[in-house]
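Written out below as structure tokens is the structure these notes cover.
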Amino acid sequence: MEEKIAIKTYRDVPILSMSLQSTLPNKTGTWRYLRPSYVTLKAPCSRACPIGQDISFYLTSLADGKPEEAWKKILESNPFPSVCGRVCHHPCETDCNRKDYDEPLAINALERFLGDWGMKEGKRNNSKREKNGKSVAIIGGGPAGLSCAYFLAKRGYGAKVFEAMPQPGGMLRYGIPAYRLPRGILNREIDRIESLGVKIMPGQKLGKDFGLEDLKSYDAIFVATGAWAENKPKIEGGDLKGIWHGLAFLGEMNTGKHLSLGRRVVVVGGGNTAIDSARMARRMGSDVTILYRRVKDDMPAIPSEVEEAEKEGVKFLFQAVPIKASGKGGKIQTVECLKTKLGKTDASGRRTPTVIKGSNFPLKAEALILAVGERADLSFLPENAASENGRIAVDSRGRTNIPKVFAGGDAATGEGFVSSAVASGRKGAEAIDLFLRGESAKGNGDQLKTARFSDINLDYFPPAARAQISSLPAEKRRKGFLEVHKGLSGTRAHAEAERCFSCGNCIQCNVCLMVCPDVAISFAENENRYVIDLDHCKGCGICSVECPRSAMALEEEKWNE
Amino acid sequence: MERVVSGNEAVAYGAMLSRVQVVPAYPISPQTTIVEALADFCASGRLKADFVRVESEHSAMACCIGAASAGARAFTATSAQGLALMHEVLHWAAGSRLPIVMANVNRAMSAPWTMWCDQGDSLAQRDTGWLQFYCEDNQEVLDTVIMAYRIAEQTLLPAMVCLDGFILSHTYEQVEIPAIEEVDRFLPSYEAKFKLDIEDPHSFNGAMLPDVYMEQRMKIQEAMAGAKAFAQEVDREYGRAFGRRYGILEEYRSEDAEVLLVTSGTITGTARVVVDKYRGKGEKVGLLKMKMFRPFPTEDVRRILQKVRKVAVVDRNISFGATGIFAQEIRSTLHQHGEGTSVFGFVAGLGGRDVTPAALKEMVEYAKGRETPSADIAWIGAKV
């Protein structure tokens, strides 16, 4: 219909009214008083993750059938997906917006799935820069030290890790039991770090085999010696045979010396070391009771681990403390305890227990394991080094008060989580990199708003049950140290990843494009993003309101400015 | 394949076999099972269509208009108040010449609250520019949906296929369901002549000023006139392909009839029995079944009725303040063309009251006993 129509009879009238001209020159965008735009909010999972992983991105990639892309994304921020996917306390799941809808995403299990997928596929991810000629000494081959070495190596630094123990891994190897973290998995993740050119020197203990002064040739030093010294509760008769410290017991067990402690074992403490020790002792056939001075909800241990311990037959005795051990022939037979009552709420939000005088009661025990917390041993530090609350004092970027010396992990931050250690290793590597390039930190860090549950357009998300993780039956666990939890199958992992809201992150779902009544949104293939034709967008706002995940904003148009 | 299906399932099969591409629908009794069946077809993949859940019948029709404007074959179904709510957009569909097909399951209008059958809903939409077909049984329902697409897409007019609520919609009958490949041959995919194209955007349905609006209306009337002949042609073609024909209207034992019943919808089936009984007794009673109501087949009706002395029109509807609507149309058809014909207008079966053989017999006897009607309306089966 190019030509003008001359109408002489009704037959000349077209059957419908349609413009001869294209409507494109009509710039209806000038009617707009609201302007839509694409924004990114921080997903609460990423906000909660100590490592700050882009969880929404890798779950979306997995849901899109691109596991390699997902795996690469994780490796950008975390060298230990298979480890973290097993032992992380996963605050991401606690904060997942989906918990307010049906159930949180099984992020931890998906991280494990992707880490294991990379292993199975033999992926290496050796993308690293050219050697820049600088080298960094890392003291401590645990999660913080290895993470620091990994990120430095990727940036082109020579990274040498000094490890006191015969093998690297730190708490991952000598603290965490194999039924939670199979050693083959740990070894392979460490191998991948080594394959980047990281040198690991085992059997090198700071303060014994070398001193800080021996590391002068390095351009920087990262101290990540962990927290290995155990708090010792005052117990009368504490030198009797059969009394252990949790980490020492776990260290023996984890190096293959399987110790039978006797018929009845009492474990004191409420943290992960206590739970691990109890479950280990249970596997050795003992009747195990955990003694904790507060109540169950106050236990600092990962709740799911507490549950597993219960399933395995570990007993719990709350609001009680040991005061005295007694026995015959120098060997423990009885633990005398006191009951506690809960008093005022302390800074941690928990009520402080105090002992009840005269509430003494005995527990028969062939062994007593004390696991009431760990501290950092800082005796190796030079006298001028600053410390704070028993940890190495560091600033927000991991710098100590000694030039060129940085610190991280439990020796410095004391958060006690694997993921926090990995995060502090990465932060240390970034700080060292800036320091050695003579640059200061750019920007104000992450200023993104956190996406809340109310930001999600639930119409786009059918309810779907969380993936169930299958576990070894309790009776089978007692026969050895087989991994308790099984991984997700590819199908289940894919279905689980599809449940992700991708809070505040555009996943190119095309809803905006489809709902725009003015066809003013298009996808620019070359830029891999949506573009809004502001010449024709009338600012109706449907795109922004419909966006399932609040990755669009609507702001008043400032025509006069 | 023969299956025992309800009238509503027959509608859904008709739509599915027509390979409709967009189905926006809002449930209302007694139409609901059409929507359910189509949703099932979509979910199981038997029908590759976008099923759009909308918030009202007005939106359902608006969505059909959008889909058809973009060149898609669109389908929806409704009843009673739902159809009334669509009223405004029914005009828009016809005025923009979109070949949408809709099933209307005839249900009486409220208030008071009712769910049962009469034709008050669809006949109230007679002036919206939609083709209208009324069906006698479930087989005819299925066949008419398919034929309606051919007629609508040729004439660029929307089409309404009407079936009696419950009497057909929820009653199961044996229905021959044609193979989709055969339907494909009869009904090729729809190629819109004018459609929205985001690569070449144009404005549609913009203002037509007083200098052309009237001519555009004349075009619609011209298309309506053409639709009658085309519907007859489609019916013949359908008969050749599938072995079933209905015509736009059907005479049943009407030869030499002294009293001729005029019916539509399911009353026709009952009337066939009554006519057979009279003929069995040697009485000259016949039947005219009105399948097509819009366009009204004026010449055909006139030709048939001019020869008859007494015509008994059965209306399951009432135009308040006037008469039954079929009776009105027929009287107007015969004006100055059928002075020898007396038109008796009967109103029966409103709001689901049964129209029994006895009721139809009463109409015949009423006509037999009078030369001319004593009133414009005779209420049958009513507590007068």
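Scheme for the structure tokens: letters A, B, ... for chains in order shown; per-chain residue numbers from 1; ligand numbers from 1 in order shown.
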
DSSP-assigned strand (DSSP E or B) among range 126-373 of chain A, expressed as a PyMOL selection string | chain A and resi 135-139+158-162+199-201+206+210+220-223+229-230+236+241+243-245+264-268+287-292+315-318+320-328+331-345+351-355+361-364+367-370

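Within 9 Å of chain A, and using only C-alpha atoms, the residues found on chain B are Gly95, Ser96, Arg97, Leu156, Phe194, Ile198, Asp200, Pro201, His202, Ser203, Phe204, Asn205, Gly206, Ala207, Met208, Val212, Met214, Glu215, Gln216, Arg217, Met218, Lys219 and Ile220 of chain B.
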
Take the residues just selected and output them with C-alpha atoms as a PDB file, in the first residue's frame.
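After the write, result.pdb holds the following:
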ATOM      1  CA  GLY B  95     -14.597  -3.767  12.210  1.00  0.00           C
ATOM      2  CA  SER B  96     -10.944  -4.714  11.903  1.00  0.00           C
ATOM      3  CA  ARG B  97     -11.965  -7.696   9.773  1.00  0.00           C
ATOM      4  CA  LEU B 156     -12.460 -11.682   6.791  1.00  0.00           C
ATOM      5  CA  PHE B 194      -2.687  -7.364   6.468  1.00  0.00           C
ATOM      6  CA  ILE B 198       7.406  -5.145  13.830  1.00  0.00           C
ATOM      7  CA  ASP B 200       7.487  -2.567   9.089  1.00  0.00           C
ATOM      8  CA  PRO B 201       5.200  -0.938  11.637  1.00  0.00           C
ATOM      9  CA  HIS B 202       1.941   0.638  10.546  1.00  0.00           C
ATOM     10  CA  SER B 203      -0.951   2.086  12.416  1.00  0.00           C
ATOM     11  CA  PHE B 204      -4.096  -0.088  12.360  1.00  0.00           C
ATOM     12  CA  ASN B 205      -7.720   0.944  12.821  1.00  0.00           C
ATOM     13  CA  GLY B 206      -6.970   4.624  12.966  1.00  0.00           C
ATOM     14  CA  ALA B 207      -9.784   7.124  12.541  1.00  0.00           C
ATOM     15  CA  MET B 208     -12.000   6.976   9.479  1.00  0.00           C
ATOM     16  CA  VAL B 212     -15.211   7.110   4.382  1.00  0.00           C
ATOM     17  CA  MET B 214     -19.911   4.715   5.883  1.00  0.00           C
ATOM     18  CA  GLU B 215     -18.243   3.077   2.907  1.00  0.00           C
ATOM     19  CA  GLN B 216     -16.216   0.892   5.225  1.00  0.00           C
ATOM     20  CA  ARG B 217     -19.504  -0.280   6.790  1.00  0.00           C
ATOM     21  CA  MET B 218     -20.777  -1.030   3.314  1.00  0.00           C
ATOM     22  CA  LYS B 219     -17.735  -3.233   2.804  1.00  0.00           C
ATOM     23  CA  ILE B 220     -18.691  -5.252   5.863  1.00  0.00           C
TER      24      ILE B 220
END

Within 12 Å of Ala68 in chain B, counting only C-alpha atoms, which residues qualify if same-chain residues fewer than 2 places away don't, as a count of residues only?
-> 39

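If you measure from each of A:Asn97, A:Asp533, A:Arg437, A:His90 to Gly504 in chain A using only C-alpha atoms, the closest one turns out to be A:Asn97.
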
For Glu366 in chain A, list every protein, DNA or RNA residue within 10 Å, evaluated using only C-alpha atoms, and leave out those in the same chain fewer than 2 positions away; present the list as a PyMOL selection string.
-> chain A and resi 241-243+261-266+286-287+327+331-335+363-364+368

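You will find CA of Phe41 in chain B at 23.9 Å from CA of Ile167 in chain B.
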
Write out as a list in words the residues lying within 6 Å of Leu249 in chain B, counting only C-alpha atoms and excluding same-chain residues fewer than 6 positions away.
-> Lys289, Met290 and Lys291 of chain B

Minimum-distance residue to Trp113 in chain B, chosen among B:Gly239, B:Phe296, B:Gly351, B:Glu182 (using only C-alpha atoms) = B:Gly351

Mind checking which residues fall within 12 Å of range 462-474 of chain A, counting only C-alpha atoms, ignoring those fewer than 3 positions away in the same chain, and posting them as a PyMOL selection string?
-> chain A and resi 86+93+98-110+112-113+179-180+279+282-283+307-314+457-459+477-501+548

Report as a ChimeraX atom specification: the residues of range 125-325 of chain B with a DSSP assignment of helix (DSSP H, G or I), based on the backbone of this structure.
-> /B:138-155,180-186,213-242,267-280,298-306,325

Could you give me, as JSON lines, a per-residue list for range 76-171 of chain B showing, wherever an atom lies at most 8 Å from an atom of range 254-276 of chain B, the closest pair of atoms and their distance in Å to one decimal, using only C-alpha atoms and sorting by chain then residue number from low to high?
{"residue": "B:Tyr134", "atom": "CA", "partner": "B:Gly265", "partner_atom": "CA", "distance": 5.3}
{"residue": "B:Cys135", "atom": "CA", "partner": "B:Gly265", "partner_atom": "CA", "distance": 5.0}
{"residue": "B:Glu136", "atom": "CA", "partner": "B:Thr266", "partner_atom": "CA", "distance": 4.5}
{"residue": "B:Asp137", "atom": "CA", "partner": "B:Thr266", "partner_atom": "CA", "distance": 6.7}
{"residue": "B:Cys162", "atom": "CA", "partner": "B:Gly265", "partner_atom": "CA", "distance": 8.0}
{"residue": "B:Leu163", "atom": "CA", "partner": "B:Gly265", "partner_atom": "CA", "distance": 6.7}
{"residue": "B:Asp164", "atom": "CA", "partner": "B:Gly265", "partner_atom": "CA", "distance": 6.5}
{"residue": "B:Ile167", "atom": "CA", "partner": "B:Thr266", "partner_atom": "CA", "distance": 7.3}
{"residue": "B:Leu168", "atom": "CA", "partner": "B:Thr266", "partner_atom": "CA", "distance": 7.6}
